[in-house]
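J.: Below you'll find the structure I mean.
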Amino acid sequence: TVQGDDNDNKSLQVKSHEAVSIAQKLGKKICHMVISRFLERAKMQQYEIDDHENVMDAPDVAMLCAIAQHEEALKILRSIGGFHALAQVAAEGELSAIEALAKGCKDEPELLLVADTYASILSLFSSNSKSSDSPRREDVECAAFGILAQLCTGSLKGRKAVV
């Protein structure tokens with residue numbers, strides 16, 4: 001289901017059993033597609049080619065965020081290495097991706113150190129962050145601080161990485 005809010009922001013909603021099924025059957029492919037989008041955008045920026053498409057509007061990004069909201073599906077994504085794709089989306093300031101990462105690493109904060117996932121969260125605080133003018137900026141920063149606090153309190157390595 002696609003739902004909208006007062007600011008014309010739309011989000012994809014899936015039921016828990018649907019999320020689990022999608023994660024099991026298509027999770028690896030969705031994650032690969034999301035990472036490929038970010039790599040392609042990086043290549044285009046390297047060669048100073050303008051790209052008018054917003055990666056965050058892609059259907060695979062919306063699907064990844066939607067299935068990551070359900071705990072069982074999130075466990076599946078975690079087991080197939082999907083946190084890297086989720087971290088890329090989180091680095092764009094997507095609140096649902098940040099919240100999913102926090103939920104997925106609740107019991108094992110050191111997972112945020114794998115592939116420098118925490119660095120994606122730290123990038124949200126840079127002066128040239130993509131979401132710096134977003135009306136949801138406070139919510140994004142609050143969620144980002146929460147996930148960094150989780151990493152710092154749950155892991156000595158995490159505290160050293162963040163500091």
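In the structure tokens, chains take letters A, B, ... by order of appearance, with residues numbered from 1 within each chain and ligands from 1 in the order shown.
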Determine, counting only C-alpha atoms, which protein, DNA and RNA residues have an atom within 7 Å of an atom of Ser96 of chain A; residues of the same chain fewer than 3 positions away are not included. Present the result as a ChimeraX atom specification.

T.: /A:65,99-100

J.: If you count only C-alpha atoms, which residues fall within 9 Å of segment 36-50 of chain A, apart from same-chain ones fewer than 4 positions away, as a list in words?

T.: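 Everything that qualifies: Cys31, His32, Val55, Ala58, Ala85, Gln88 and Val89 of chain A.
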
J.: Output C-alpha atoms for every residue in the selection just made, as a PDB file, in the first residue's frame.

T.:
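Written output follows (out_5.pdb):
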ATOM      1  CA  CYS A  31      19.893  -4.844  -1.972  1.00  0.00           C
ATOM      2  CA  HIS A  32      22.083  -5.349  -5.038  1.00  0.00           C
ATOM      3  CA  VAL A  55      17.996   7.689  -6.221  1.00  0.00           C
ATOM      4  CA  ALA A  58      13.521   4.489  -7.023  1.00  0.00           C
ATOM      5  CA  ALA A  85      22.309  -1.042   1.167  1.00  0.00           C
ATOM      6  CA  GLN A  88      23.431   3.956   1.854  1.00  0.00           C
ATOM      7  CA  VAL A  89      19.763   4.900   2.024  1.00  0.00           C
TER       8      VAL A  89
END

J.: Do a neighbour search on Gly81 of chain A at 12 Å with only C-alpha atoms, toss out local chain neighbours closer than 6 positions, and write the hits as JSON, numbers by chain.

T.: {"A": [23, 27, 28, 29, 30, 31, 32, 35, 74, 75, 87, 104, 111, 112, 114, 115, 117]}

J.: Can you spit out the residues from that selection as a compact mmCIF listing (two decimals), in the first residue's frame, using all heavy atoms?

T.:
# COMPACT_ATOMS: atom_id res chain seq x y z
N ALA A 23 11.64 -10.43 1.49
CA ALA A 23 13.04 -10.47 1.94
C ALA A 23 13.69 -11.82 1.61
O ALA A 23 14.83 -11.88 1.18
CB ALA A 23 13.12 -10.19 3.44
N GLY A 27 15.24 -10.31 -1.41
CA GLY A 27 16.06 -9.42 -0.59
C GLY A 27 17.44 -9.16 -1.15
O GLY A 27 17.89 -8.02 -1.24
N LYS A 28 18.12 -10.21 -1.54
CA LYS A 28 19.48 -10.07 -2.07
C LYS A 28 19.47 -9.23 -3.36
O LYS A 28 20.32 -8.36 -3.55
CB LYS A 28 20.06 -11.46 -2.33
CG LYS A 28 21.55 -11.48 -2.36
CD LYS A 28 22.07 -12.89 -2.38
CE LYS A 28 23.22 -12.96 -1.42
NZ LYS A 28 23.68 -14.27 -1.12
N LYS A 29 18.51 -9.48 -4.22
CA LYS A 29 18.40 -8.74 -5.48
C LYS A 29 18.07 -7.27 -5.24
O LYS A 29 18.67 -6.38 -5.86
CB LYS A 29 17.32 -9.38 -6.37
CG LYS A 29 17.18 -8.75 -7.72
CD LYS A 29 18.43 -8.94 -8.55
CE LYS A 29 18.25 -8.39 -9.94
NZ LYS A 29 19.51 -8.38 -10.67
N ILE A 30 17.13 -7.00 -4.33
CA ILE A 30 16.76 -5.62 -4.01
C ILE A 30 17.97 -4.87 -3.47
O ILE A 30 18.26 -3.74 -3.89
CB ILE A 30 15.58 -5.58 -3.02
CG1 ILE A 30 14.30 -6.06 -3.71
CG2 ILE A 30 15.38 -4.17 -2.45
CD1 ILE A 30 13.13 -6.29 -2.77
N CYS A 31 18.70 -5.48 -2.54
CA CYS A 31 19.89 -4.84 -1.97
C CYS A 31 20.94 -4.57 -3.04
O CYS A 31 21.55 -3.50 -3.07
CB CYS A 31 20.47 -5.71 -0.86
SG CYS A 31 19.43 -5.78 0.60
N HIS A 32 21.13 -5.52 -3.94
CA HIS A 32 22.08 -5.35 -5.04
C HIS A 32 21.65 -4.19 -5.94
O HIS A 32 22.49 -3.37 -6.36
CB HIS A 32 22.19 -6.65 -5.85
CG HIS A 32 23.08 -6.54 -7.04
ND1 HIS A 32 24.44 -6.48 -6.93
CD2 HIS A 32 22.79 -6.45 -8.36
CE1 HIS A 32 24.97 -6.36 -8.14
NE2 HIS A 32 23.98 -6.34 -9.02
N ILE A 35 22.34 -0.80 -4.08
CA ILE A 35 23.78 -0.48 -4.09
C ILE A 35 24.24 -0.09 -5.48
O ILE A 35 25.02 0.85 -5.65
CB ILE A 35 24.60 -1.65 -3.51
CG1 ILE A 35 24.34 -1.76 -2.01
CG2 ILE A 35 26.09 -1.47 -3.79
CD1 ILE A 35 24.91 -2.99 -1.35
N LEU A 74 13.83 -7.85 8.63
CA LEU A 74 15.09 -7.18 8.92
C LEU A 74 16.18 -8.19 9.28
O LEU A 74 17.33 -8.05 8.86
CB LEU A 74 14.89 -6.18 10.06
CG LEU A 74 16.01 -5.21 10.35
CD1 LEU A 74 16.37 -4.39 9.12
CD2 LEU A 74 15.60 -4.28 11.49
N LYS A 75 15.80 -9.24 10.00
CA LYS A 75 16.77 -10.30 10.32
C LYS A 75 17.26 -10.99 9.05
O LYS A 75 18.44 -11.32 8.94
CB LYS A 75 16.13 -11.33 11.26
CG LYS A 75 15.94 -10.83 12.67
CD LYS A 75 15.27 -11.88 13.52
CE LYS A 75 14.96 -11.35 14.91
NZ LYS A 75 14.22 -12.33 15.72
N ALA A 87 22.29 1.21 4.82
CA ALA A 87 23.14 2.31 5.27
C ALA A 87 23.28 3.39 4.19
O ALA A 87 23.32 4.58 4.51
CB ALA A 87 24.51 1.80 5.68
N GLY A 104 17.75 -3.14 13.85
CA GLY A 104 18.50 -4.33 13.45
C GLY A 104 19.78 -4.54 14.22
O GLY A 104 20.28 -5.66 14.31
N LEU A 111 27.61 -4.50 14.61
CA LEU A 111 27.28 -4.69 13.20
C LEU A 111 27.39 -3.37 12.42
O LEU A 111 27.60 -3.38 11.22
CB LEU A 111 25.85 -5.23 13.05
CG LEU A 111 25.66 -6.70 13.37
CD1 LEU A 111 24.17 -7.05 13.35
CD2 LEU A 111 26.40 -7.56 12.37
N LEU A 112 27.24 -2.26 13.12
CA LEU A 112 27.35 -0.95 12.48
C LEU A 112 28.78 -0.66 12.03
O LEU A 112 29.01 0.23 11.22
CB LEU A 112 26.87 0.15 13.42
CG LEU A 112 25.39 0.12 13.73
CD1 LEU A 112 25.07 1.05 14.89
CD2 LEU A 112 24.58 0.48 12.51
N VAL A 114 30.68 -2.93 10.56
CA VAL A 114 30.91 -3.70 9.34
C VAL A 114 30.68 -2.79 8.14
O VAL A 114 29.66 -2.11 8.05
CB VAL A 114 29.97 -4.93 9.28
CG1 VAL A 114 30.14 -5.68 7.98
CG2 VAL A 114 30.22 -5.84 10.47
N ALA A 115 31.62 -2.78 7.25
CA ALA A 115 31.57 -1.96 6.03
C ALA A 115 31.36 -0.49 6.34
O ALA A 115 30.76 0.25 5.57
CB ALA A 115 30.48 -2.47 5.08
N THR A 117 29.34 1.08 8.23
CA THR A 117 27.94 1.49 8.22
C THR A 117 27.74 2.73 9.08
O THR A 117 26.98 3.63 8.72
CB THR A 117 27.05 0.34 8.71
OG1 THR A 117 27.25 -0.80 7.86
CG2 THR A 117 25.59 0.71 8.68

J.: As an NGL selection string, please: every residue in segment 10-89 of chain A that a backbone DSSP assignment puts in helix (DSSP H, G or I).

T.: :A and (16-46 or 55-57 or 59-67 or 71-79 or 83-89)

J.: Just give me the gap between atom CA of Cys142 of chain A and atom CA of Lys160 of chain A in Å, one decimal is fine.

T.: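 Between atom CA of Cys142 of chain A and atom CA of Lys160 of chain A the gap is 20.8 Å.
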
J.: Grab the atom CA of Lys106 of chain A to atom CA of His84 of chain A distance for me, in Å with one decimal place.

T.: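 A separation of 16.3 Å between them.
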
J.: So how far away is atom CA of Gly82 of chain A from atom CA of Glu108 of chain A, in Å?

T.: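 Atom CA of Gly82 of chain A lies at a distance of 15.3 Å from atom CA of Glu108 of chain A.
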
J.: Let's see if you can do this: from backbone DSSP, list all strand (DSSP E or B) residues in chain A, as a list in words.

T.: Val2, Gln3, Gly4, Lys10, Ser11 and Leu12 of chain A

J.: Restricting the calculation to only C-alpha atoms, which member of A:Ala90, A:Leu113, A:Val20, A:Val162 is positioned closest to Leu77 of chain A?

T.: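 Of A:Ala90, A:Leu113, A:Val20, A:Val162, the one nearest Leu77 of chain A, counting only C-alpha atoms, is A:Val20.
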
J.: My list of candidates is A:Ile121, A:Pro109, A:Asn54, A:Ser21. Which is closest to Ile76 of chain A when distances are computed with only C-alpha atoms?

T.: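 Among the listed residues, A:Ser21 lies closest to Ile76 of chain A.
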
J.: Using only C-alpha atoms, which of the listed residues (A:Asp116, A:Glu141, A:Glu53, A:Glu18) sits closest to Ala73 of chain A?

T.: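 Closest residue, counting only C-alpha atoms: A:Glu18.
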
J.: Tell me which protein, DNA and RNA residues are within 10 Å of Ala97 of chain A, counting only C-alpha atoms, leaving out same-chain ones fewer than 5 positions away, and put them as a list in words.

T.: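 Surrounding residues, per the criterion: Val61, Ala62, Leu64, Cys65, Ala66, Ala68, Gln69, Phe83, Ala85, Leu86, Ala87, Gln88, Val89, Ala90, Ala91, Glu92, Ala102, Lys103, Val140 and Ala143 of chain A.
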